[in-house]
Amino acid sequence: MLQSKGLETVEDLLNYFPFRYEDRSNLKPVKQLAPGELATVIAEVKSSKVSKIRGRHLGLFEAVFTDASGGTLLAKWFHGAYLADRLLPGTRAALFGKIEFDAYRGEVQMMHPEVELLGTPQDGADDDGDLAIHTGRIVPVYEAAGKVNTRQLRVLLYQLLQDMPEMEDHLPASITHRLRFPSRTEAIRAAHFPPPGTPLRHLNDFRSPAQFRLIFEEFFWLQCGIELKRRKGRSRNGIAFELNDAVRNQIRRLLPFKPTGAQKRVLKEIAGDMSQAYPMNRLLQGDVGSGKTIVAAEASVIALENGYQVVILAPTEILATQHYFNLKPLFDKVGYVSALLTGSNSAREKTKLKEMLRNGMIRVAIGTHALIEKDVEFDSLGLAVIDEQHRFGVMQRLELARKGVSPDVLVMTATPIPRTLAMTIYGDLDVSVIDELPPGRKAIQTRHFPSEQIDLVWSQVRREIEAGRQAYVVYPVIEESETQSQNQAIKAAQAMFEELSRDIFPDVAVGLLHGRLPTAEKEAAMEDFKQGRTRILVSTTVIEVGVDVPNATVMVIEQAERFGLSQLHQLRGRVGRGSEQSHCLLVTEKLGDSGKERIRTLVDSQDGFVIAEMDLKLRGPGELFGTKQSGMPSLRIASIIRDPDILAAAREEARAFVDHPPAQEDLVAATAYIRDHWQRRYGLVNVA
C-alpha cells in the first residue's frame with residue numbers, strides 16, 4: 001500500500017510530509033469544555049444512531065461521548081452514516097473541533113469534529129504513550145496511502161524518528177551557515193512533529209524554519225541540476241554562424257514590414273546565441289499575434305546564408321501548412337527552396353522530398369512529426385525551429401536535434417509560461433519574450449453570455465458580417481477522452497453548421513472545418529475563409545493556433561466552460577489580427593466555481609502572462625520532465641504555486657554555487673549527489 005504512493009524506502013517515508021497541522025494541545029476533560037473553544041477530547045462512545053431529518057434520510061450520524069470526568073459530549077456528522085460501524089458503543093476516540101452549546105438539549109456538542117479511533121479499553125489498542133502522539137500537541141495530518149490512514153502514518157513516522165541517527169547533510173555548509181538553517185535531521189524531525197510553541201499559522205503556511213529549509217533544499221538541488229545541464233549543453237561543440245553584411249542584407253530583403261522594437265531585441269538575442277560555438281537552446285515566448293514566425297524566418301536566414309539547412313516543425317498539418325504558405329514567398333524572395341512534408345504527402349511525394357532533403361536541394365523543410373521519422377536525413381541541418389513546443393515531447397525534440405551535428409534549436413510558444421515554470425521546466429533554456437504587438441492592433445473586447453442569450457450573440461455576428469467582416473464559431477474537444485469527445489465536437493460542429501447555414505444565416509456562406517476532414521478539404525475550407533468566400537467558419541479547436549485571417553473580427557466559443565484558460569486565450573487570439581475592433585463572445589451552459597473564475601479572468605484580462613499564472617493556480621502544475629514535458633516534478637514539500645519566492649532565492653543560490661563554488665571538491669560532491677538522486681526523484685537524464 002505504501003509502495004502505491006511511491007513510498008519504498010525509509011527515506012521516502014521521512015520525506016512524506018504532512019499536508020496540514022492541527023493544534024490538539026488543548027486536551028480537556030468533557031466536564032471542563034466551554035462553548036467557543038477549539039479542544040481535543042479523549043472519550044468513549046456511550047450511544048450512537050443515524051437520524052432522519054423531516055422524514056428524509058440525510059445520514060445524520062450522532063454519537064454521545066463520555067469520559068472519567070462524568071460529562072457528556074454530543075458529536076454530529078451530516079452524511080456521516082459511514083461512521084455507524086466504526087463508532088460503536090464502547091469505542092474510544094480522539095475528537096478535535098469547536099465546542100458549541102446545543103440549547104435544545106442543554107449540552108455541549110461538536111459539529112463535524114475530526115475523529116480518530118483509539119479502539120476499546122479491552123483491545124489495549126492505545127497506551128498513554130501512543131495517545132501522546134495523537135493528542136496534547138500540534139499534530140501532523142498526512143494524506144492517506146491507500147488504506148494506511150493518517151493515524152498509522154503518524155505512529156510509523158514517530159517510531160522512525162525516535163530511532164533515526166543524524167543524517168548526512170548534502171546542502172553546502174556555506175549556504176546552511178549563511179542562511180542559518182537547522183540541520184537536515186532537525187528540519188525533518190520538526191516538519192513531522194513541530195516543537196511546542198511553533199505558531200500553527202506558520203506551519204500551515206509552510207513557513208516554519210524547518211519547512212523553509214526543506215523547501216529551499218528541494219528547489220536548490222533542482223536548480224543546480226538545471227544549471228549543470230545548461231553548462232553541459234554549452235560545453236558541446238556547435239556551429240558558430242557568421243553574422244556579416246550579406247546576412248543582414250538578406251534579412252532586410254526578407255522582411256515584409258518594419259519589425260517592432262521587441263522583435264528587433266529578440267532577434268539580436270537569437271543572433272548572439274547563433275554566433276557562439278555551442279548549440280543554441282532558446283525559448284521564444286510571444287503572445288498570440290506578436291510576430292514570432294517572422295523572427296524565426298529571420299533566424300533561418302542566418303543559418304541559410306551560412307550554407308546550412310533549416311527545419312520548421314509544427315504540431316498539426318493545418319499549422320504546418322499555414323507556416324508553409326506564409327513563409328514560402330519570403331524564402332522565395334531571398335532565393336531559398338522550401339518544401340512541406342506532412343503525413344498527408346503520398347508515398348511517392350515523400351520519397352522525392354526526402355531525397356531532395358538528403359542531397360541539399362531543399363534548404364527549408366516545413367512540416368509535422370513526419371520530419372522526425374528515422375529515414376528523414378539532411379545534408380547539413382543547422383537550425384531546428386519547433387513551434388508550439390509544449391505539444392512535442394522531449395524525446396521528439398532530441399530526435400530532431402540528432403539529425404544534424406549539434407544544430408541550434410529555437411522553440412516557440414504562444415502559450416505564455418508562468419515565471420515559476422520558466423525557472424523549472426525550461427530552466428536550461430535561454431528565454432526571449434516578444435512583449436509588444438504590431439502597431440495598429442486593438443484590444444479584443446471579450447464578453448460572456450449564458451446559452452439562453454445566444455440570440456444576442458448571433459445579432460453581434462450579424463452586425464460584423466454586414467460590415468464586411470468574418471466570424472469563427474468554435475466547439476470544444478475535451479481531453480479526457482480524446483476520440484469520443486472529438487466525435488461529439490465534430491457532431492456539434494456539424495449540427496451548428498447546418499443550423500447556421502439553414503436557419504440563422506441562410507443568406508451567408510458558412511464553412512465547416514474539423515480534424516477528421518481529408519487534408520484537401522481542410523485546406524479548401526481554410527482557403528475559402530481566408531479569401532472571404534465563406535464568411536462564417538464553424539470549427540473544432542483545430543484552429544487554435546496558427547490561423548491568420550485579419551478580416552475575422554468575431555470569435556464565438558460555444559461551451560466555453562469546457563476549455564482551459566490558456567486554450568481560451570489561444571482561440572481568442574485568432575481574431576484581432578487586423579486594424580478593426582474585434583470581439584470574443586464566450587457562451588456557457590453550466591458554470592461551476594472554477595469555470596466562473598476562468599471566464600472572469602478572460603473577460604478582465606488580455607495579458608497572456610496574467611492568464612497563464614491564473615491557469616497554473618486553477619489547474620496545478622502536473623508532471624515535469626516526462627515525455628510530455630507538460631508540468632512539474634513530483635516535489636515532496638515544495639510547491640511552485642505556494643513558494644515562488646523560495647524558488648527564486650534557491651535559483652540565485654544554485655547559480656552562484658555552480659558558477660563560484662567555495663571549492664572545486666564541493667561542486668564535484670554536489671554533482672555526484674544530484675546524479676545519484678536525480679533519476680529517481682525527477683526522472684531526468686544525468687546532468688553531468
# chains A, B, ... in the order shown; residues from 1 in each chain; ligands from 1
call {"tool": "residues_around", "arguments": {"residues": "Arg230 (chain A)", "least_positions_apart": "3", "cutoff": "10 Å", "atoms": "only C-alpha atoms", "output": "PDB file with C-alpha atoms, in the first residue's frame"}}
result
ATOM      1  CA  CYS A 224      21.595  23.071  -9.507  1.00  0.00           C
ATOM      2  CA  GLY A 225      20.697  20.173 -11.787  1.00  0.00           C
ATOM      3  CA  ILE A 226      19.193  22.527 -14.364  1.00  0.00           C
ATOM      4  CA  GLU A 227      22.232  24.815 -14.204  1.00  0.00           C
ATOM      5  CA  GLY A 233      24.925  21.826 -23.191  1.00  0.00           C
ATOM      6  CA  ARG A 234      27.271  24.772 -23.613  1.00  0.00           C
ATOM      7  CA  SER A 235      30.328  22.535 -23.424  1.00  0.00           C
ATOM      8  CA  ASN A 281      18.808  26.268 -26.907  1.00  0.00           C
ATOM      9  CA  GLY A 427      15.321  26.418 -16.762  1.00  0.00           C
ATOM     10  CA  ASP A 428      18.016  25.012 -19.060  1.00  0.00           C
ATOM     11  CA  LEU A 429      16.797  27.172 -21.965  1.00  0.00           C
ATOM     12  CA  ASP A 430      17.577  30.831 -22.530  1.00  0.00           C
ATOM     13  CA  VAL A 687      23.212  16.214 -15.602  1.00  0.00           C
ATOM     14  CA  ALA A 688      26.951  15.811 -15.721  1.00  0.00           C
TER      15      ALA A 688
END
call {"tool": "select_by_dssp", "arguments": {"residues": "region 356-558 of chain A", "states": "alpha helix (DSSP H)", "output": "JSON, numbers by chain"}}
result
{"A": [356, 357, 358, 394, 395, 396, 397, 398, 399, 400, 401, 419, 420, 421, 422, 454, 455, 456, 457, 458, 459, 460, 461, 462, 463, 464, 465, 466, 482, 483, 484, 485, 486, 487, 488, 489, 490, 491, 492, 493, 494, 495, 496, 497, 498, 499, 519, 520, 521, 522, 523, 524, 525, 526, 527, 528, 529, 530]}
call {"tool": "select_by_dssp", "arguments": {"residues": "region 313-443 of chain A", "states": "strand (DSSP E or B)", "output": "count of residues only"}}
result
26
call {"tool": "closest_residue", "arguments": {"among": "A:Lys374, A:His677, A:His583, A:Lys229", "to": "Lys442 (chain A)", "atoms": "only C-alpha atoms"}}
result
A:His583
call {"tool": "atom_distance", "arguments": {"atom1": "CA of Arg636 (chain A)", "atom2": "CA of Pro196 (chain A)"}}
result
24.2 Å
call {"tool": "closest_residue", "arguments": {"among": "A:Gly146, A:Pro438, A:Pro182, A:Gly367", "to": "Thr260 (chain A)", "atoms": "only C-alpha atoms"}}
result
A:Pro438
call {"tool": "closest_residue", "arguments": {"among": "A:Arg201, A:Arg447, A:Arg562, A:Lys333", "to": "Thr601 (chain A)", "atoms": "only C-alpha atoms"}}
result
A:Arg447
call {"tool": "residues_around", "arguments": {"residues": "Val148 (chain A)", "least_positions_apart": "3", "cutoff": "8 Å", "atoms": "only C-alpha atoms", "output": "PDB file with C-alpha atoms, in the first residue's frame"}}
result
ATOM      1  CA  MET A   1       0.000   0.000   0.000  1.00  0.00           C
ATOM      2  CA  LEU A   2       2.850   2.389   0.785  1.00  0.00           C
ATOM      3  CA  ALA A 144      -3.640   8.512   3.482  1.00  0.00           C
ATOM      4  CA  ALA A 145      -1.651   5.985   1.427  1.00  0.00           C
ATOM      5  CA  GLN A 152      -0.994   4.840  11.200  1.00  0.00           C
ATOM      6  CA  LEU A 153       1.416   7.039   9.247  1.00  0.00           C
TER       7      LEU A 153
END
call {"tool": "residues_around", "arguments": {"residues": "Ile454 (chain A)", "least_positions_apart": "5", "cutoff": "12 Å", "atoms": "only C-alpha atoms", "output": "list in words"}}
result
His448, Phe449, Ser459, Gln460, Val461, Ile504, Val556, Ile557, Glu558, Gln559, Leu585, Leu586, Val587, Thr588 and Glu589 of chain A
call {"tool": "write_last_selection", "arguments": {"atoms": "C-alpha atoms", "output": "PDB file, in the first residue's frame"}}
result
ATOM      1  CA  HIS A 448     -19.747  36.411 -21.577  1.00  0.00           C
ATOM      2  CA  PHE A 449     -23.228  35.135 -22.496  1.00  0.00           C
ATOM      3  CA  SER A 459     -27.041  39.514 -33.529  1.00  0.00           C
ATOM      4  CA  GLN A 460     -23.459  40.641 -32.854  1.00  0.00           C
ATOM      5  CA  VAL A 461     -22.173  38.223 -35.505  1.00  0.00           C
ATOM      6  CA  ILE A 504     -29.850  31.626 -38.732  1.00  0.00           C
ATOM      7  CA  VAL A 556     -17.762  32.755 -30.754  1.00  0.00           C
ATOM      8  CA  ILE A 557     -16.677  29.993 -28.337  1.00  0.00           C
ATOM      9  CA  GLU A 558     -19.504  27.580 -27.543  1.00  0.00           C
ATOM     10  CA  GLN A 559     -19.444  25.697 -24.186  1.00  0.00           C
ATOM     11  CA  LEU A 585     -18.035  36.032 -27.270  1.00  0.00           C
ATOM     12  CA  LEU A 586     -17.929  33.281 -24.616  1.00  0.00           C
ATOM     13  CA  VAL A 587     -21.098  31.184 -24.483  1.00  0.00           C
ATOM     14  CA  THR A 588     -21.527  28.901 -21.449  1.00  0.00           C
ATOM     15  CA  GLU A 589     -24.033  26.272 -20.332  1.00  0.00           C
TER      16      GLU A 589
END
call {"tool": "atom_distance", "arguments": {"atom1": "CA of Ser25 (chain A)", "atom2": "CA of Glu100 (chain A)"}}
result
18.8 Å
call {"tool": "residues_around", "arguments": {"residues": "Val139 (chain A)", "least_positions_apart": "5", "cutoff": "10 Å", "atoms": "only C-alpha atoms", "output": "PyMOL selection string"}}
result
chain A and resi 18+20-25+132-134+151+154+192-194
call {"tool": "write_last_selection", "arguments": {"atoms": "C-alpha atoms", "output": "PDB file, in the first residue's frame"}}
result
ATOM      1  CA  PRO A  18       2.127  16.399   6.472  1.00  0.00           C
ATOM      2  CA  ARG A  20      -1.568  20.332   7.346  1.00  0.00           C
ATOM      3  CA  TYR A  21      -1.319  20.547  11.141  1.00  0.00           C
ATOM      4  CA  GLU A  22      -3.862  20.668  13.982  1.00  0.00           C
ATOM      5  CA  ASP A  23      -3.262  22.178  17.402  1.00  0.00           C
ATOM      6  CA  ARG A  24      -4.517  19.469  19.755  1.00  0.00           C
ATOM      7  CA  SER A  25      -2.556  20.800  22.704  1.00  0.00           C
ATOM      8  CA  ALA A 132       0.640  11.295  23.348  1.00  0.00           C
ATOM      9  CA  ILE A 133       1.494  11.057  19.643  1.00  0.00           C
ATOM     10  CA  HIS A 134      -2.051  11.986  18.594  1.00  0.00           C
ATOM     11  CA  ARG A 151      -3.016   7.887  12.282  1.00  0.00           C
ATOM     12  CA  ARG A 154       1.826   9.262  12.311  1.00  0.00           C
ATOM     13  CA  HIS A 192       6.773  15.969  11.178  1.00  0.00           C
ATOM     14  CA  PHE A 193       6.424  16.738  14.897  1.00  0.00           C
ATOM     15  CA  PRO A 194       6.785  20.501  15.446  1.00  0.00           C
TER      16      PRO A 194
END
call {"tool": "residues_around", "arguments": {"residues": "Leu319 (chain A)", "least_positions_apart": "3", "cutoff": "12 Å", "atoms": "only C-alpha atoms", "output": "MDAnalysis selection string"}}
result
chainID A and resid 293 312:316 322:327 340 342 366:368 386:388 522:523 526 542:548
call {"tool": "atom_distance", "arguments": {"atom1": "CA of Glu44 (chain A)", "atom2": "CA of Gln159 (chain A)"}}
result
26.3 Å
call {"tool": "closest_residue", "arguments": {"among": "A:Gly90, A:Gly335, A:Pro418, A:Pro113", "to": "Ile641 (chain A)", "atoms": "only C-alpha atoms"}}
result
A:Pro418
call {"tool": "residues_around", "arguments": {"residues": "Arg282 (chain A)", "least_positions_apart": "4", "cutoff": "9 Å", "atoms": "only C-alpha atoms", "output": "list of chain:residue names"}}
result
A:Ile270, A:Asp273, A:Asp408, A:Val409, A:Leu410, A:Val411, A:Met412, A:Asp428, A:Leu429, A:Asp430, A:Val431, A:Ser432
call {"tool": "closest_residue", "arguments": {"among": "A:Glu317, A:Asp287, A:Asp435, A:Glu166", "to": "Ala262 (chain A)", "atoms": "only C-alpha atoms"}}
result
A:Asp435
call {"tool": "closest_residue", "arguments": {"among": "A:Ala39, A:Ile99, A:Arg180, A:Ala492", "to": "Arg137 (chain A)", "atoms": "only C-alpha atoms"}}
result
A:Ala39
